[in-house]
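Note sheet for the following structure.
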There are 2 protein chains.
Amino acid sequence: MELSDNTIERMCKVFGHLSSERHGKKFVSSKELAKAIGTTEYTIRKDISFLGICGYTRKGYEVNSLKEALGSKLNLNKRRKACIVGLGRLGSALLDYEKFQEDGFEIVAGFDCSINKLERIQTQIDVFSDNDIKEIVAQRAIEVGIIAVPASRAQEAADNLIGAGIKGILNFATYKVIVPENIIYLNLDFTNALRFIATKVMINRSKK
Amino acid sequence: MELSDNTIERMCKVFGHLSSERHGKKFVSSKELAKAIGTTEYTIRKDISFLGICGYTRKGYEVNSLKEALGSKLNLNKRRKACIVGLGRLGSALLDYEKFQEDGFEIVAGFDCSINKLERIQTQIDVFSDNDIKEIVAQRAIEVGIIAVPASRAQEAADNLIGAGIKGILNFATYKVIVPENIIYLNLDFTNALRFIATKVMINRSKK
């Protein structure tokens with residue numbers, strides 16, 4: 001059965017929540033999961049039923065088997081290789097973003113068009129010129145590309161990554177790039193998140 | 001009538017899409033909007049109906065009046081002030097994130113606990129010690145706080161912001177902070193976005 005994008009997104013969030021769980025709890029309720037990822041208990045139970053996992057009355061789901069099932073269904077137990085194009089402040093911050101590693105993503109290369117920047121950057125990750133994208137992506141079997149270039153260069157970066165065989169792109173540039181249908185593409189726009197917060201703050205205030 | 005979080009989130013995205021529209025088009029269809037923000041045409045039409053705006057058959061919605069209505073309903077026409085706590089690589093990248101300005105958010109202060117970092121940072125934005133959060137937030141009427149500190153200091157940063165009267169928090173730290181019910185809080189986890197992309201790439205591949 002094919003999972004909807006919304007189900008996949010929620011399952012990824014549940015997996016993330018279970019992975020970040022620090023209490024070492026054995027069981028988790030659909031109520032807790034619903035609250036953690038911002039949905040309803042019913043939706044959580046429906047999503048999890050697709051995994052063939054049953055919860056125990058009162059106790060909820062067994063954390064380890066739920067995580068195991070999600071990991072194997074979503075193929076998240078495998079480590080995945082990613083690269084970053086654009087090593088300005090945001091790109092170099094992402095290069096060393098500790099949580100990618102913890103969560104099974106390995107940043108194996110960074111790219112920038114400025115030789116000057118490549119020479120000065122301080123990081124443990126190997127960095128290369130944009131011209132080497134094709135070669136390095138193939139050599140290191142990189143699956144996901146992260147774009148952190150200025151808006152004016154975002155489309156070029158996407159085209160380079162796709163040309164190199166990358167099938168999934170996470171875009172931090174403030175420009176929506178155009179990609180072929182078969183490419184998985186997500187735009188991370190911080191401003192929408194800020195807008196959402198500002199609007200909710202305003203609604204909350206007017207309630208009083 | 002009270003709007004659901006999902007509706008608010010989608011409306012913020014529609015507003016963002018219309019704002020980033022570079023073609024200067026006069027009309028936009030529910031189909032285009034649905035595609036741009038990843039939902040169905042039906043949902044778009046339902047959301048927009050809450051604004052009391054009608055589309056024209058075939059032509060769609062008039063871009064300017066839709067933007068105007070969204071802006072006033074969501075209170076997005078007003079400029080809002082935000083601050084950033086934590087001026088490491090990610091924090092200082094966010095400090096100069098051009099799109100915040102374009103989109104009506106003004107970063108009016110940055111905070112860090114390291115005097116060393118405050119002295120060395122290169123930015124046009126005023127930066128202060130963490131000890132000044134309360135004073136500056138009040139003085140400059142800051143509404144939204146952005147957290148970009150390491151995980152171990154995220155809760156402290158949130159507590160400081162809330163203590164200073166901030167009602168909305170966007171958290172980039174890799175630690176889910178605990179906030180009172182009346183605080184609007186959003187956690188921006190890059191890894192969930194990567195997970196979603198990696199999973200979809202895998203599903204696409206197995207379809208072939």
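Residues are referred to by chain and number: the chain letter is A, B, ... according to the order shown in the structure tokens, the number counts from 1 in that chain, and ligands are numbered separately from 1 in the order shown.
The neighbours of range 97-99 of chain A here are the residues that come within 9 Å of it, using only C-alpha atoms and leaving out any residue fewer than 5 positions away in the same chain; they are Ser92, Gly104 and Phe105 of chain A; Leu90, Thr174, Phe190 and Thr191 of chain B.
The list of chain A residues within 6 Å of chain B is Glu9, Leu74, Arg89, Leu90, Ala93, Phe100, Gly168, Thr191, Phe196, Ile197 and Thr199 of chain A; this uses only C-alpha atoms.
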Check: Expressed in Å to a single decimal, how great is the separation between CA of Glu135 in chain B and CA of Ser206 in chain A?
Finding: 25.0 Å
Check: What are the DSSP strand (DSSP E or B) residues of range 63-102 of chain B, as a list in words?
Finding: Arg80, Lys81, Ala82, Cys83, Ile84 and Val85 of chain B
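Across the model, the gap from CA of Arg79 in chain A to CA of Leu51 in chain A is 21.1 Å.
Excluding Ile121 in chain B itself and any same-chain residue fewer than 3 positions from it, the protein and nucleic acid residues within 10 Å of it, counting only C-alpha atoms, are Leu87, Gly88, Ser92, Asn116, Lys117, Leu118, Gln124, Ile125 and Val127 of chain B.
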Next item on the list: Quick one: everything within 12 Å of Val137 in chain A, counting only C-alpha atoms, minus sequence neighbours fewer than 4 positions away in the same chain. Send it as a count of residues only.
Entry: 28
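The space between CA of Phe27 in chain A and CA of Arg153 in chain B spans 27.7 Å.
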Could you give me, as an mmCIF file with all heavy atoms, in the first residue's frame, the residues within 10 Å of Thr43 in chain A, counting only C-alpha atoms and dropping anything in the same chain fewer than 3 positions from it?
data_model
loop_
_atom_site.group_PDB
_atom_site.id
_atom_site.type_symbol
_atom_site.label_atom_id
_atom_site.label_comp_id
_atom_site.auth_asym_id
_atom_site.auth_seq_id
_atom_site.Cartn_x
_atom_site.Cartn_y
_atom_site.Cartn_z
ATOM 1 N N THR A 7 1.367 11.072 5.782
ATOM 2 C CA THR A 7 1.687 9.954 6.675
ATOM 3 C C THR A 7 3.198 9.800 6.809
ATOM 4 O O THR A 7 3.727 9.652 7.914
ATOM 5 C CB THR A 7 1.061 8.648 6.141
ATOM 6 O OG1 THR A 7 -0.354 8.787 6.169
ATOM 7 C CG2 THR A 7 1.455 7.464 6.990
ATOM 8 N N ARG A 10 4.554 12.539 9.014
ATOM 9 C CA ARG A 10 4.267 12.316 10.440
ATOM 10 C C ARG A 10 5.112 11.180 11.000
ATOM 11 O O ARG A 10 5.616 11.243 12.119
ATOM 12 C CB ARG A 10 2.777 12.017 10.646
ATOM 13 C CG ARG A 10 1.891 13.253 10.576
ATOM 14 C CD ARG A 10 0.479 12.924 11.026
ATOM 15 N NE ARG A 10 -0.141 11.907 10.194
ATOM 16 C CZ ARG A 10 -0.922 12.176 9.149
ATOM 17 N NH1 ARG A 10 -1.215 13.408 8.824
ATOM 18 N NH2 ARG A 10 -1.446 11.198 8.435
ATOM 19 N N SER A 30 -0.281 7.014 22.322
ATOM 20 C CA SER A 30 -0.613 7.781 21.110
ATOM 21 C C SER A 30 -0.871 9.235 21.491
ATOM 22 O O SER A 30 -0.627 10.144 20.708
ATOM 23 C CB SER A 30 -1.820 7.176 20.398
ATOM 24 O OG SER A 30 -2.875 6.979 21.301
ATOM 25 N N ALA A 34 0.926 12.234 19.683
ATOM 26 C CA ALA A 34 0.088 13.238 19.022
ATOM 27 C C ALA A 34 0.504 14.633 19.467
ATOM 28 O O ALA A 34 0.639 15.550 18.652
ATOM 29 C CB ALA A 34 -1.386 12.988 19.346
ATOM 30 N N THR A 39 -0.542 16.486 16.106
ATOM 31 C CA THR A 39 -1.663 15.926 15.349
ATOM 32 C C THR A 39 -2.614 15.284 16.353
ATOM 33 O O THR A 39 -2.482 15.478 17.553
ATOM 34 C CB THR A 39 -1.177 14.925 14.274
ATOM 35 O OG1 THR A 39 -2.300 14.500 13.501
ATOM 36 C CG2 THR A 39 -0.500 13.706 14.891
ATOM 37 N N THR A 40 -3.598 14.528 15.853
ATOM 38 C CA THR A 40 -4.567 13.901 16.762
ATOM 39 C C THR A 40 -4.162 12.465 17.081
ATOM 40 O O THR A 40 -3.418 11.836 16.324
ATOM 41 C CB THR A 40 -5.970 13.861 16.123
ATOM 42 O OG1 THR A 40 -5.910 12.996 14.987
ATOM 43 C CG2 THR A 40 -6.405 15.244 15.692
ATOM 44 N N LYS A 46 -3.895 5.561 13.381
ATOM 45 C CA LYS A 46 -4.107 5.133 11.993
ATOM 46 C C LYS A 46 -2.757 4.953 11.291
ATOM 47 O O LYS A 46 -2.505 3.942 10.651
ATOM 48 C CB LYS A 46 -4.970 6.171 11.258
ATOM 49 C CG LYS A 46 -5.707 5.626 10.060
ATOM 50 C CD LYS A 46 -6.457 6.730 9.337
ATOM 51 C CE LYS A 46 -5.504 7.804 8.879
ATOM 52 N NZ LYS A 46 -6.092 8.938 8.174
ATOM 53 N N ASP A 47 -1.886 5.948 11.457
ATOM 54 C CA ASP A 47 -0.557 5.859 10.827
ATOM 55 C C ASP A 47 0.183 4.603 11.291
ATOM 56 O O ASP A 47 0.756 3.869 10.490
ATOM 57 C CB ASP A 47 0.304 7.086 11.187
ATOM 58 C CG ASP A 47 -0.139 8.352 10.449
ATOM 59 O OD1 ASP A 47 -0.889 8.225 9.477
ATOM 60 O OD2 ASP A 47 0.280 9.445 10.863
ATOM 61 N N ILE A 48 0.161 4.386 12.602
ATOM 62 C CA ILE A 48 0.938 3.276 13.151
ATOM 63 C C ILE A 48 0.331 1.934 12.749
ATOM 64 O O ILE A 48 1.051 0.949 12.575
ATOM 65 C CB ILE A 48 1.069 3.414 14.688
ATOM 66 C CG1 ILE A 48 1.950 4.641 14.999
ATOM 67 C CG2 ILE A 48 1.670 2.155 15.321
ATOM 68 C CD1 ILE A 48 2.183 4.907 16.463
ATOM 69 N N SER A 49 -1.000 1.912 12.544
ATOM 70 C CA SER A 49 -1.634 0.653 12.139
ATOM 71 C C SER A 49 -1.085 0.170 10.789
ATOM 72 O O SER A 49 -1.043 -1.015 10.512
ATOM 73 C CB SER A 49 -3.154 0.813 12.077
ATOM 74 O OG SER A 49 -3.511 1.584 10.946
#
Checklist line | Which of range 74-165 of chain A DSSP labels helix (DSSP H, G or I), written as a VMD selection string | finding: chain A and resid 89 to 95 98 to 102 115 to 120 130 to 139 151 to 163
